[in-house]
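Have a look at start-v5.cif; it's mmCIF, C-alpha atoms and all ligand atoms:
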data_start
#
loop_
_atom_site.label_atom_id
_atom_site.label_comp_id
_atom_site.auth_asym_id
_atom_site.auth_seq_id
_atom_site.Cartn_x
_atom_site.Cartn_y
_atom_site.Cartn_z
CA MET A 1 -13.85 -17.10 -8.53
CA ASN A 2 -10.88 -14.89 -9.47
CA LEU A 3 -8.64 -13.18 -6.92
CA LEU A 4 -10.32 -9.75 -7.02
CA GLU A 5 -13.75 -11.34 -6.70
CA SER A 6 -12.66 -13.26 -3.61
CA ILE A 7 -11.14 -10.09 -2.10
CA ILE A 8 -14.49 -8.35 -2.69
CA GLU A 9 -16.43 -11.24 -1.13
CA ARG A 10 -14.17 -11.18 1.98
CA ALA A 11 -14.76 -7.42 2.32
CA LYS A 12 -18.56 -7.86 2.05
CA ALA A 13 -18.54 -10.57 4.74
CA ASP A 14 -16.92 -8.31 7.38
CA LYS A 15 -17.72 -4.70 6.49
CA GLN A 16 -15.02 -2.17 7.42
CA ARG A 17 -15.29 1.62 7.75
CA ILE A 18 -13.23 3.18 4.96
CA VAL A 19 -12.62 6.93 4.92
CA LEU A 20 -12.25 8.73 1.59
CA PRO A 21 -10.69 12.17 2.20
CA GLU A 22 -11.21 13.30 -1.40
CA GLY A 23 -14.96 13.19 -0.84
CA THR A 24 -15.91 15.73 -3.50
CA GLU A 25 -13.80 14.21 -6.28
CA GLU A 26 -15.90 12.76 -9.12
CA ARG A 27 -14.28 9.29 -9.53
CA THR A 28 -14.21 8.90 -5.75
CA LEU A 29 -17.94 9.69 -5.52
CA ARG A 30 -18.78 7.27 -8.32
CA ALA A 31 -16.72 4.51 -6.67
CA ALA A 32 -18.29 5.26 -3.26
CA ASP A 33 -21.75 4.95 -4.80
CA LEU A 34 -20.92 1.50 -6.24
CA ILE A 35 -19.31 0.32 -3.00
CA LEU A 36 -22.36 1.36 -1.00
CA SER A 37 -24.72 -0.14 -3.53
CA ASN A 38 -22.84 -3.50 -3.44
CA GLY A 39 -22.34 -3.48 0.36
CA ILE A 40 -18.54 -3.76 0.21
CA ALA A 41 -17.70 -1.27 2.99
CA ASP A 42 -19.15 1.49 5.13
CA ILE A 43 -17.96 4.72 3.57
CA ILE A 44 -16.98 7.96 5.29
CA LEU A 45 -16.68 10.88 2.85
CA LEU A 46 -14.78 13.99 3.93
CA GLY A 47 -16.03 17.27 2.48
CA ASP A 48 -18.84 19.76 2.55
CA GLU A 49 -22.10 17.81 2.84
CA GLN A 50 -24.11 20.09 0.59
CA SER A 51 -21.61 20.06 -2.27
CA ILE A 52 -21.17 16.27 -2.01
CA LYS A 53 -24.95 15.77 -2.18
CA GLU A 54 -25.34 18.22 -5.07
CA SER A 55 -22.54 16.55 -7.05
CA ALA A 56 -24.05 13.11 -6.38
CA LYS A 57 -27.43 14.33 -7.62
CA LYS A 58 -25.92 15.79 -10.80
CA MET A 59 -24.12 12.49 -11.48
CA GLY A 60 -27.32 10.51 -10.87
CA LEU A 61 -25.84 8.59 -7.91
CA ASN A 62 -28.48 7.08 -5.65
CA ASN A 63 -26.48 5.57 -2.79
CA ILE A 64 -24.42 8.46 -1.42
CA ASP A 65 -27.07 9.01 1.28
CA LYS A 66 -25.81 5.78 2.88
CA ALA A 67 -22.34 7.34 3.45
CA THR A 68 -21.33 9.19 6.59
CA ILE A 69 -20.28 12.68 5.55
CA VAL A 70 -17.86 14.61 7.76
CA ASN A 71 -17.04 18.25 7.05
CA PRO A 72 -13.36 18.83 8.03
CA LYS A 73 -14.13 22.48 8.85
CA GLU A 74 -16.85 21.76 11.37
CA HIS A 75 -17.56 18.53 13.14
CA THR A 76 -18.14 17.37 16.69
CA LYS A 77 -14.74 15.69 17.25
CA LYS A 78 -12.52 18.58 16.10
CA LYS A 79 -11.16 19.36 19.58
CA GLU A 80 -10.63 15.65 20.37
CA TYR A 81 -8.62 15.11 17.18
CA THR A 82 -6.61 18.31 17.73
CA ASP A 83 -5.60 17.09 21.19
CA LEU A 84 -4.73 13.68 19.75
CA LEU A 85 -2.49 15.23 17.07
CA VAL A 86 -0.71 17.39 19.67
CA GLU A 87 -0.16 14.30 21.81
CA ILE A 88 1.24 12.21 18.93
CA ARG A 89 3.52 14.95 17.58
CA LYS A 90 4.42 16.92 20.71
CA ASN A 91 8.06 15.82 20.48
CA LYS A 92 8.16 17.16 16.93
CA GLY A 93 7.12 20.68 17.92
CA MET A 94 3.37 20.32 17.26
CA THR A 95 1.45 23.18 18.88
CA PHE A 96 -2.32 23.40 19.50
CA GLU A 97 -2.54 26.18 16.86
CA LYS A 98 -0.77 24.12 14.18
CA ALA A 99 -2.78 21.02 15.07
CA SER A 100 -6.13 22.84 14.92
CA SER A 101 -5.33 23.96 11.40
CA LEU A 102 -4.03 20.51 10.31
CA VAL A 103 -7.20 18.73 11.50
CA GLU A 104 -9.09 20.68 8.83
CA ASP A 105 -6.88 19.07 6.18
CA PRO A 106 -8.84 15.98 5.03
CA LEU A 107 -5.64 13.92 4.66
CA TYR A 108 -4.69 14.56 8.31
CA LEU A 109 -8.28 14.22 9.51
CA ALA A 110 -8.63 10.78 7.88
CA CYS A 111 -5.51 9.48 9.69
CA LEU A 112 -6.70 10.94 13.00
CA MET A 113 -10.09 9.24 12.59
CA ILE A 114 -8.31 5.90 12.13
CA LYS A 115 -5.95 6.52 15.04
CA ASN A 116 -8.95 7.40 17.24
CA GLY A 117 -10.77 4.19 16.27
CA ASP A 118 -13.46 5.98 14.20
CA ALA A 119 -12.44 4.39 10.87
CA ASP A 120 -10.58 1.24 9.79
CA GLY A 121 -8.74 2.36 6.66
CA GLU A 122 -8.21 5.19 4.17
CA ILE A 123 -7.76 5.63 0.44
CA ALA A 124 -6.68 8.85 -1.24
CA GLY A 125 -4.52 10.00 -4.12
CA ALA A 126 -7.00 10.63 -6.95
CA GLN A 127 -6.21 14.34 -6.42
CA ASN A 128 -3.22 14.41 -4.08
CA THR A 129 0.40 13.32 -4.65
CA THR A 130 1.83 10.18 -3.06
CA GLY A 131 3.99 12.29 -0.74
CA ASP A 132 0.99 14.30 0.50
CA VAL A 133 -1.06 11.14 1.15
CA LEU A 134 1.82 9.34 2.87
CA ARG A 135 3.24 12.09 5.10
CA PRO A 136 0.32 12.32 7.58
CA ALA A 137 0.01 8.52 7.59
CA LEU A 138 3.70 8.08 8.42
CA GLN A 139 3.47 10.74 11.12
CA ILE A 140 0.19 9.63 12.74
CA ILE A 141 -0.44 5.93 11.97
CA LYS A 142 3.26 4.88 11.80
CA THR A 143 4.63 1.40 11.21
CA LEU A 144 3.51 -1.87 12.78
CA PRO A 145 5.59 -2.94 15.78
CA GLY A 146 8.88 -4.48 14.59
CA VAL A 147 8.51 -3.11 11.04
CA LYS A 148 11.27 -0.73 9.91
CA VAL A 149 9.61 0.93 6.93
CA VAL A 150 6.39 1.41 5.06
CA SER A 151 6.60 0.31 1.44
CA GLY A 152 4.28 -0.10 -1.54
CA ALA A 153 3.54 -3.34 -3.39
CA PHE A 154 1.72 -4.01 -6.65
CA ILE A 155 -0.18 -7.19 -7.36
CA MET A 156 0.68 -7.80 -11.00
CA PHE A 157 -1.84 -9.80 -13.02
CA THR A 158 0.37 -10.69 -15.99
CA GLN A 159 -0.40 -12.37 -19.30
CA THR A 160 2.27 -15.01 -18.60
CA PRO A 161 0.77 -17.86 -16.54
CA GLN A 162 4.09 -19.76 -16.68
CA TYR A 163 5.56 -17.27 -14.17
CA GLY A 164 4.79 -16.54 -10.54
CA GLU A 165 1.50 -17.91 -9.27
CA ASN A 166 -0.33 -18.67 -12.48
CA GLY A 167 0.80 -15.27 -13.80
CA ILE A 168 0.19 -13.36 -10.55
CA LEU A 169 3.22 -11.76 -8.89
CA LEU A 170 3.82 -9.23 -6.13
CA PHE A 171 6.35 -6.44 -6.86
CA ALA A 172 7.80 -4.22 -4.08
CA ASP A 173 8.81 -1.53 -3.24
CA CYS A 174 7.36 0.39 -6.15
CA ALA A 175 6.03 3.44 -4.31
CA VAL A 176 7.63 4.68 -1.11
CA MET A 177 11.24 4.24 -0.02
CA PRO A 178 13.66 5.82 -2.52
CA ASN A 179 16.89 4.13 -1.44
CA PRO A 180 16.46 1.54 1.31
CA ASN A 181 19.50 0.30 3.22
CA ALA A 182 19.98 -3.44 3.76
CA GLU A 183 17.91 -3.53 6.94
CA GLU A 184 15.09 -1.55 5.34
CA LEU A 185 15.18 -3.77 2.25
CA ALA A 186 14.95 -6.84 4.49
CA SER A 187 11.92 -5.32 6.20
CA ILE A 188 10.33 -4.68 2.78
CA ALA A 189 10.83 -8.39 1.94
CA VAL A 190 9.17 -9.51 5.18
CA SER A 191 6.20 -7.15 4.66
CA SER A 192 5.86 -8.26 1.02
CA ALA A 193 5.62 -11.90 2.12
CA LYS A 194 2.78 -10.98 4.47
CA THR A 195 0.96 -9.03 1.74
CA MET A 196 1.27 -11.94 -0.70
CA GLN A 197 0.03 -14.39 1.92
CA SER A 198 -2.90 -12.28 3.09
CA LEU A 199 -4.16 -10.91 -0.25
CA VAL A 200 -3.24 -13.58 -2.79
CA ASN A 201 -3.50 -16.42 -0.25
CA VAL A 202 -0.47 -18.38 -1.51
CA GLU A 203 2.89 -19.23 0.01
CA PRO A 204 5.29 -16.40 -0.85
CA ARG A 205 8.53 -17.30 -2.67
CA ILE A 206 10.68 -14.20 -2.53
CA ALA A 207 13.45 -13.23 -4.93
CA MET A 208 15.73 -10.39 -3.86
CA LEU A 209 16.50 -8.83 -7.23
CA SER A 210 19.79 -7.45 -8.43
CA PHE A 211 21.84 -7.14 -11.62
CA SER A 212 23.88 -10.07 -10.30
CA THR A 213 23.04 -13.71 -9.57
CA LYS A 214 24.94 -15.42 -6.76
CA GLY A 215 28.16 -13.47 -7.12
CA SER A 216 28.20 -13.03 -10.92
CA ALA A 217 28.98 -9.34 -10.30
CA ASP A 218 30.79 -7.56 -7.51
CA HIS A 219 29.49 -4.18 -6.36
CA GLU A 220 28.32 -2.46 -3.20
CA MET A 221 24.76 -2.47 -4.61
CA VAL A 222 24.96 -6.27 -4.86
CA ASP A 223 26.37 -6.50 -1.32
CA LYS A 224 23.32 -4.60 -0.06
CA VAL A 225 20.92 -7.15 -1.58
CA ARG A 226 22.92 -10.07 -0.19
CA GLU A 227 22.99 -8.54 3.28
CA ALA A 228 19.26 -7.78 3.09
CA THR A 229 18.55 -11.42 2.19
CA ASP A 230 20.45 -12.64 5.26
CA LEU A 231 18.75 -10.09 7.52
CA ALA A 232 15.29 -11.03 6.22
CA LYS A 233 16.00 -14.68 7.06
CA LYS A 234 16.90 -13.59 10.59
CA MET A 235 13.75 -11.46 10.86
CA ASP A 236 11.58 -14.42 9.82
CA SER A 237 13.25 -17.83 9.75
CA ASN A 238 10.25 -19.36 7.93
CA LEU A 239 10.61 -17.13 4.86
CA LEU A 240 11.21 -18.81 1.52
CA ILE A 241 13.68 -16.25 0.18
CA ASP A 242 16.82 -16.15 -1.93
CA GLY A 243 19.13 -13.52 -3.34
CA GLU A 244 20.81 -11.96 -5.00
CA LEU A 245 19.04 -13.02 -8.19
CA GLN A 246 18.60 -11.40 -11.59
CA ALA A 247 15.00 -11.16 -12.78
CA ASP A 248 15.38 -13.96 -15.35
CA ALA A 249 17.00 -16.25 -12.78
CA ALA A 250 14.15 -15.50 -10.40
CA LEU A 251 11.42 -16.28 -12.92
CA VAL A 252 12.57 -18.73 -15.57
CA PRO A 253 13.18 -22.33 -14.34
CA SER A 254 15.90 -23.13 -16.91
CA VAL A 255 17.80 -19.88 -16.23
CA GLY A 256 17.31 -20.28 -12.48
CA SER A 257 18.69 -23.81 -12.40
CA SER A 258 21.73 -22.85 -14.49
CA LYS A 259 22.57 -19.56 -12.69
CA ALA A 260 21.51 -20.54 -9.16
CA PRO A 261 21.59 -24.35 -8.94
CA GLY A 262 19.94 -25.74 -5.82
CA SER A 263 18.00 -22.53 -5.06
CA LEU A 264 14.45 -23.12 -3.80
CA ILE A 265 13.38 -19.78 -5.27
CA ALA A 266 15.24 -19.36 -8.58
CA GLY A 267 12.82 -20.02 -11.44
CA LYS A 268 9.84 -20.16 -9.05
CA ALA A 269 9.60 -16.70 -7.47
CA ASN A 270 6.17 -15.14 -7.00
CA VAL A 271 7.37 -12.09 -4.99
CA LEU A 272 9.97 -9.78 -6.56
CA VAL A 273 11.71 -7.38 -4.15
CA PHE A 274 13.52 -4.62 -6.05
CA PRO A 275 16.75 -3.10 -4.67
CA SER A 276 15.52 0.51 -4.94
CA LEU A 277 12.41 2.55 -5.67
CA GLU A 278 13.82 3.51 -9.08
CA SER A 279 14.01 -0.10 -10.25
CA GLY A 280 10.69 -1.08 -8.62
CA ASN A 281 8.68 1.84 -9.95
CA ILE A 282 10.16 1.63 -13.46
CA GLY A 283 9.88 -2.17 -13.45
CA TYR A 284 6.19 -2.38 -12.62
CA LYS A 285 5.28 0.31 -15.17
CA LEU A 286 7.22 -1.50 -17.93
CA VAL A 287 5.46 -4.79 -17.17
CA GLN A 288 2.12 -2.98 -17.03
CA ARG A 289 2.55 -1.06 -20.30
CA LEU A 290 4.72 -3.33 -22.48
CA GLY A 291 3.46 -6.61 -21.06
CA ASN A 292 -0.16 -5.53 -20.79
CA ALA A 293 -0.35 -6.60 -17.15
CA GLN A 294 -2.99 -5.29 -14.75
CA ALA A 295 -1.20 -3.58 -11.86
CA VAL A 296 -3.28 -3.35 -8.68
CA GLY A 297 -1.82 -1.03 -6.06
CA PRO A 298 0.26 0.38 -4.63
CA VAL A 299 -0.89 -1.60 -1.61
CA LEU A 300 0.91 0.07 1.29
CA GLN A 301 2.44 -2.44 3.65
CA GLY A 302 4.03 -2.21 7.08
CA MET A 303 1.66 0.53 8.31
CA ALA A 304 -0.15 0.01 11.62
CA ALA A 305 -3.49 0.56 9.83
CA PRO A 306 -4.25 0.33 6.12
CA ILE A 307 -3.81 3.54 4.16
CA ASN A 308 -3.61 3.24 0.40
CA ASP A 309 -2.54 5.68 -2.24
CA LEU A 310 -4.11 5.97 -5.69
CA SER A 311 -2.49 7.16 -8.87
CA ARG A 312 -3.92 10.52 -10.00
CA GLY A 313 -4.76 8.79 -13.27
CA CYS A 314 -6.86 6.17 -11.46
CA SER A 315 -10.23 4.95 -12.70
CA VAL A 316 -13.47 4.42 -10.75
CA GLU A 317 -12.71 0.68 -10.92
CA ASP A 318 -9.24 1.23 -9.39
CA ILE A 319 -10.79 3.04 -6.41
CA TYR A 320 -13.49 0.38 -6.07
CA ASN A 321 -10.91 -2.44 -6.02
CA MET A 322 -8.65 -0.53 -3.66
CA VAL A 323 -11.47 -0.09 -1.13
CA ALA A 324 -11.95 -3.86 -1.11
CA ILE A 325 -8.19 -4.44 -0.73
CA THR A 326 -7.96 -1.89 2.10
CA ALA A 327 -10.90 -3.57 3.85
CA ASN A 328 -9.12 -6.95 3.54
CA GLN A 329 -5.96 -5.46 5.05
CA ALA A 330 -8.00 -4.05 7.95
CA ILE A 331 -9.63 -7.45 8.53
CA GLY A 332 -6.17 -9.11 8.47
CA LEU A 333 -4.66 -6.62 10.92
CA LYS A 334 -7.55 -7.07 13.36
CA LYS A 335 -7.01 -10.85 13.33
CA ASN A 336 -3.27 -10.55 14.21
N1 LIG Y 401 8.49 4.15 6.46
C1 LIG Y 401 8.21 4.57 7.72
N2 LIG Y 401 8.35 5.85 8.11
C2 LIG Y 401 8.83 6.72 7.20
C3 LIG Y 401 9.15 6.35 5.87
C4 LIG Y 401 8.95 5.00 5.51
N3 LIG Y 401 9.18 4.52 4.28
N4 LIG Y 401 9.58 7.45 5.21
C5 LIG Y 401 9.51 8.49 6.08
N5 LIG Y 401 9.07 8.05 7.28
C6 LIG Y 401 8.77 8.82 8.49
C7 LIG Y 401 9.97 9.60 8.99
O1 LIG Y 401 10.70 8.83 9.90
C8 LIG Y 401 9.31 10.79 9.64
O2 LIG Y 401 8.80 10.46 10.89
P1 LIG Y 401 8.81 11.54 12.08
O3 LIG Y 401 8.32 12.85 11.49
O4 LIG Y 401 7.86 10.97 13.08
O5 LIG Y 401 10.23 11.63 12.53
C9 LIG Y 401 8.08 11.05 8.77
O6 LIG Y 401 7.82 9.82 8.11
C10 LIG Y 401 8.29 12.12 7.75
O7 LIG Y 401 9.50 11.80 7.10
P2 LIG Y 401 10.23 12.74 6.08
O8 LIG Y 401 11.42 12.03 5.51
O9 LIG Y 401 10.39 14.10 6.68
O10 LIG Y 401 9.07 12.85 5.03
P3 LIG Y 401 9.15 13.18 3.58
O11 LIG Y 401 7.88 13.84 3.31
O12 LIG Y 401 10.35 13.93 3.20
O13 LIG Y 401 9.26 11.73 2.87
C11 LIG Y 401 7.84 10.24 1.67
C12 LIG Y 401 8.40 10.66 3.04
C13 LIG Y 401 6.69 11.15 1.32
C14 LIG Y 401 7.31 8.82 1.72
C15 LIG Y 401 8.99 10.32 0.62
O14 LIG Y 401 9.94 9.34 0.90
C16 LIG Y 401 8.52 10.19 -0.78
O15 LIG Y 401 8.05 11.15 -1.38
N6 LIG Y 401 8.72 8.97 -1.40
C17 LIG Y 401 8.47 8.75 -2.79
C18 LIG Y 401 7.00 8.69 -3.08
C19 LIG Y 401 6.80 8.70 -4.57
O16 LIG Y 401 6.84 9.73 -5.19
N7 LIG Y 401 6.60 7.48 -5.14
C20 LIG Y 401 6.48 7.28 -6.54
C21 LIG Y 401 5.11 7.50 -7.05
S1 LIG Y 401 4.00 6.27 -6.54
C22 LIG Y 401 3.62 5.37 -7.95
O17 LIG Y 401 4.08 5.62 -9.02
C23 LIG Y 401 2.77 4.26 -7.71
#

Reformat the file's structure so that it appears as structure tokens.
Ligand code: ACO
Amino acid sequence: MNLLESIIERAKADKQRIVLPEGTEERTLRAADLILSNGIADIILLGDEQSIKESAKKMGLNNIDKATIVNPKEHTKKKEYTDLLVEIRKNKGMTFEKASSLVEDPLYLACLMIKNGDADGEIAGAQNTTGDVLRPALQIIKTLPGVKVVSGAFIMFTQTPQYGENGILLFADCAVMPNPNAEELASIAVSSAKTMQSLVNVEPRIAMLSFSTKGSADHEMVDKVREATDLAKKMDSNLLIDGELQADAALVPSVGSSKAPGSLIAGKANVLVFPSLESGNIGYKLVQRLGNAQAVGPVLQGMAAPINDLSRGCSVEDIYNMVAITANQAIGLKKN
């Protein structure tokens, strides 16, 4: 069984409630129909019930009746969620008036449902930008205890089985934190290890990437990566991590042993932590496009409940897979 199949099987075995705020969007509806038909998750669609049902009928979808449909404009828990939002954001100037308008925004409503225990995870982004999906999640769900920042990882299924874990690698941060400081970068490394362990089910071997390997260059950007490596080791003394390493030293055994002799990670890394969002986002897209790798994600990590963001160019299959991944994250968080 391949990795995605096993993620899907784990989701089926312990069904989670996944809320899809973009409930009227065509790819979302098609993915929801398949998920319900295959029993991968319980689906909550946000949107006007009549238009969702009409769209489903036009598309010939037969399973949307199994979804729970919640209209953000009128539902029984509106007052409860408004009070909850005021409570969470009262120190940030949230008034009852502002909150009662925000609870009608599906992206806020989805996070409030999760916070209130009415859903286990959320996926959006087929229509909305990353910033719009993330902002309510960062404000309402927030990070896990002890985690500094939320970040976004991609599971990269490459065509190069000689690297990573039989060609599978985790790249982070590719989606959230534009310019992390050393402490934030360390936190991204710790979260990435957990994502690799829980989704790919292998021991993470983390390379903290830079344009320098073990002092080959001197620059404040290199210092940041070195400091982050030390901090990550302090945050989790069991981590298998090394840095700073260039990408070739991280991946290629011969380069690793010549540039970083004695390193347990050089030449064997399966988790690549990039020093900034620029390098991470550009890096994963280059590997995806030029290397023909399948990039699954971004899987948001470090959040107290799983919220995942889609690319606006996503396919029905991307949404389908992401629901299964989100369900796995929810199962993992409940176990810890
Ligand atoms: N982790 C945890 N909390 C965070 C993070 C983070 N990474 N970033 C912001 N926050 C918190 C802030 O502390 C703040 O909390 P508070 O209101 O309770 O004090 C809240 O979130 C809002 O923070 P702001 O900085 O005001 O929010 P802003 O909207 O300006 O920025 C955002 C947050 C949306 C994540 C921004 O950093 C962003 O746009 N990042 C880039 C996203 C992007 O475009 N990625 C590339 C595309 S994705 C792709 O290609 C796959």

Would you tabulate, counting all atoms listed in the file, all residues of chain A that have an atom at most 6 Å from an atom of ligand LIG 401 (chain Y), showing the closest pair of atoms and their distance in Å to one decimal, sorted by chain then ascending number, as a Markdown table?
| residue | atom | partner | partner_atom | distance |
| --- | --- | --- | --- | --- |
| A:Thr130 | CA | Y:LIG401 | C18 | 5.4 |
| A:Gly131 | CA | Y:LIG401 | C13 | 3.6 |
| A:Leu134 | CA | Y:LIG401 | C13 | 5.4 |
| A:Arg135 | CA | Y:LIG401 | C13 | 5.2 |
| A:Leu138 | CA | Y:LIG401 | O6 | 4.5 |
| A:Gln139 | CA | Y:LIG401 | O4 | 4.8 |
| A:Thr143 | CA | Y:LIG401 | C1 | 5.9 |
| A:Val149 | CA | Y:LIG401 | N1 | 3.4 |
| A:Val150 | CA | Y:LIG401 | N1 | 3.7 |
| A:Ser151 | CA | Y:LIG401 | N3 | 5.7 |
| A:Ala175 | CA | Y:LIG401 | S1 | 4.1 |
| A:Val176 | CA | Y:LIG401 | N6 | 4.4 |
| A:Met177 | CA | Y:LIG401 | N3 | 4.8 |
| A:Pro178 | CA | Y:LIG401 | N6 | 6.0 |
| A:Pro298 | CA | Y:LIG401 | C23 | 5.6 |

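Across A:Lys259, A:Lys57, A:Lys90, A:Lys233, the tightest approach to Ser216 of chain A is made by A:Lys259 when counting only C-alpha atoms.
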
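Nearest residue to Val323 of chain A among A:Ser187, A:Ser37, A:Gln288, A:Gln16 is A:Gln16, counting only C-alpha atoms.
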
Spatial neighbours of Gly152 of chain A, max dist 8 Å, all atoms listed in the file, sep filter under 5 positions, as a VMD selection string:
chain A and resid 172 to 176 297 to 301

Given all atoms listed in the file as the basis, pick out the residue of A:Ser279, A:Gly302, A:Val296, A:Val19 nearest to Asp120 of chain A.
A:Val19

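The closest residue to Leu46 of chain A, picked from A:Leu20, A:Leu251, A:Leu144, A:Ala124 and counting all atoms listed in the file, is A:Leu20.
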
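Nearest to Glu74 of chain A of all the residues A:Ile141, A:Leu170, A:Leu109, A:Ala207 is A:Leu109, counting all atoms listed in the file.
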
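Across the structure, atom CA of Val252 of chain A and atom CA of Asn281 of chain A are spaced 21.7 Å apart.
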
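Across A:Tyr284, A:Tyr81, A:Leu107, A:Pro72, the tightest approach to Asn308 of chain A is made by A:Leu107 when counting all atoms listed in the file.
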
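A search radius of 8 Å centred on (14.6, -19.4, -7.7), applied to all atoms listed in the file, returns the residues A:Ala207, A:Asp242, A:Leu245, A:Ala249, A:Ala250, A:Leu251, A:Pro253, A:Gly256, A:Ser257, A:Ala260, A:Ser263, A:Leu264, A:Ile265, A:Ala266, A:Gly267, A:Lys268, A:Ala269.
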
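Look at Leu286 of chain A: the protein and nucleic acid residues within 12 Å of it, using all atoms listed in the file and passing over chain neighbours fewer than 6 places away, are Met156, Thr158, Cys174, Ser279, Gly280, Asn292, Ala293, Gln294 and Ala295 of chain A.
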
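What separates atom CA of Ile8 of chain A from atom CA of Gly60 of chain A is a distance of 24.2 Å.
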
If you count all atoms listed in the file, which residues fall within 9 Å of Ile7 of chain A, apart from same-chain ones fewer than 5 positions away, as number ranges by chain?
A: 2, 12, 199-200, 321, 324-325, 327-328

Residues proximal to (-7.7, 16.2, 9.2) were defined as those with any atom within 10 Å of that point in the file's coordinates, counting all atoms listed in the file. Which are they, as an MDAnalysis selection string?
chainID A and resid 21 46 71:73 78 81:82 85 99:113 136

Take the residues from that selection and write them out as an mmCIF file, in the frame of the given file, keeping C-alpha atoms.
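Final output, part27.cif:
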data_model
loop_
_atom_site.group_PDB
_atom_site.id
_atom_site.type_symbol
_atom_site.label_atom_id
_atom_site.label_comp_id
_atom_site.auth_asym_id
_atom_site.auth_seq_id
_atom_site.Cartn_x
_atom_site.Cartn_y
_atom_site.Cartn_z
ATOM 1 C CA PRO A 21 -10.690 12.170 2.200
ATOM 2 C CA LEU A 46 -14.780 13.990 3.930
ATOM 3 C CA ASN A 71 -17.040 18.250 7.050
ATOM 4 C CA PRO A 72 -13.360 18.830 8.030
ATOM 5 C CA LYS A 73 -14.130 22.480 8.850
ATOM 6 C CA LYS A 78 -12.520 18.580 16.100
ATOM 7 C CA TYR A 81 -8.620 15.110 17.180
ATOM 8 C CA THR A 82 -6.610 18.310 17.730
ATOM 9 C CA LEU A 85 -2.490 15.230 17.070
ATOM 10 C CA ALA A 99 -2.780 21.020 15.070
ATOM 11 C CA SER A 100 -6.130 22.840 14.920
ATOM 12 C CA SER A 101 -5.330 23.960 11.400
ATOM 13 C CA LEU A 102 -4.030 20.510 10.310
ATOM 14 C CA VAL A 103 -7.200 18.730 11.500
ATOM 15 C CA GLU A 104 -9.090 20.680 8.830
ATOM 16 C CA ASP A 105 -6.880 19.070 6.180
ATOM 17 C CA PRO A 106 -8.840 15.980 5.030
ATOM 18 C CA LEU A 107 -5.640 13.920 4.660
ATOM 19 C CA TYR A 108 -4.690 14.560 8.310
ATOM 20 C CA LEU A 109 -8.280 14.220 9.510
ATOM 21 C CA ALA A 110 -8.630 10.780 7.880
ATOM 22 C CA CYS A 111 -5.510 9.480 9.690
ATOM 23 C CA LEU A 112 -6.700 10.940 13.000
ATOM 24 C CA MET A 113 -10.090 9.240 12.590
ATOM 25 C CA PRO A 136 0.320 12.320 7.580
#

A straight line from atom CA of Ser237 of chain A to atom CA of Ser212 of chain A spans 24.0 Å

So that all listed atoms of segment 291-310 of chain A fit with 8 Å spare on each side, what axis-aligned box centre and edge lengths in Å, to one decimal, would you give as JSON?
{"center_x": -0.1, "center_y": -0.3, "center_z": -4.7, "size_x": 24.3, "size_y": 28.6, "size_z": 48.7}

Start from the incomplete input, build N, CA and C atoms for segment 230-240 of chain A, and deliver everything as a JSON list (two decimals), in the frame of the given file.
[["chain", "number", "residue", "atom", "x", "y", "z"],
["A", 230, "ASP", "N", 20.08, -11.99, 3.98],
["A", 230, "ASP", "CA", 20.45, -12.64, 5.26],
["A", 230, "ASP", "C", 19.64, -12.05, 6.42],
["A", 231, "LEU", "N", 19.49, -10.73, 6.42],
["A", 231, "LEU", "CA", 18.75, -10.09, 7.52],
["A", 231, "LEU", "C", 17.27, -10.51, 7.51],
["A", 232, "ALA", "N", 16.70, -10.63, 6.31],
["A", 232, "ALA", "CA", 15.29, -11.03, 6.22],
["A", 232, "ALA", "C", 15.11, -12.44, 6.79],
["A", 233, "LYS", "N", 16.08, -13.31, 6.52],
["A", 233, "LYS", "CA", 16.00, -14.68, 7.06],
["A", 233, "LYS", "C", 16.04, -14.64, 8.58],
["A", 234, "LYS", "N", 16.84, -13.71, 9.13],
["A", 234, "LYS", "CA", 16.90, -13.59, 10.59],
["A", 234, "LYS", "C", 15.60, -13.01, 11.14],
["A", 235, "MET", "N", 15.01, -12.07, 10.40],
["A", 235, "MET", "CA", 13.75, -11.46, 10.86],
["A", 235, "MET", "C", 12.62, -12.48, 10.87],
["A", 236, "ASP", "N", 12.62, -13.39, 9.88],
["A", 236, "ASP", "CA", 11.58, -14.42, 9.82],
["A", 236, "ASP", "C", 12.20, -15.70, 9.26],
["A", 237, "SER", "N", 12.50, -16.63, 10.16],
["A", 237, "SER", "CA", 13.25, -17.83, 9.75],
["A", 237, "SER", "C", 12.41, -18.76, 8.86],
["A", 238, "ASN", "N", 11.09, -18.51, 8.79],
["A", 238, "ASN", "CA", 10.25, -19.36, 7.93],
["A", 238, "ASN", "C", 10.16, -18.86, 6.49],
["A", 239, "LEU", "N", 10.76, -17.69, 6.22],
["A", 239, "LEU", "CA", 10.61, -17.13, 4.86],
["A", 239, "LEU", "C", 11.26, -18.01, 3.81],
["A", 240, "LEU", "N", 10.58, -18.18, 2.68],
["A", 240, "LEU", "CA", 11.21, -18.81, 1.52],
["A", 240, "LEU", "C", 11.78, -17.68, 0.68]]
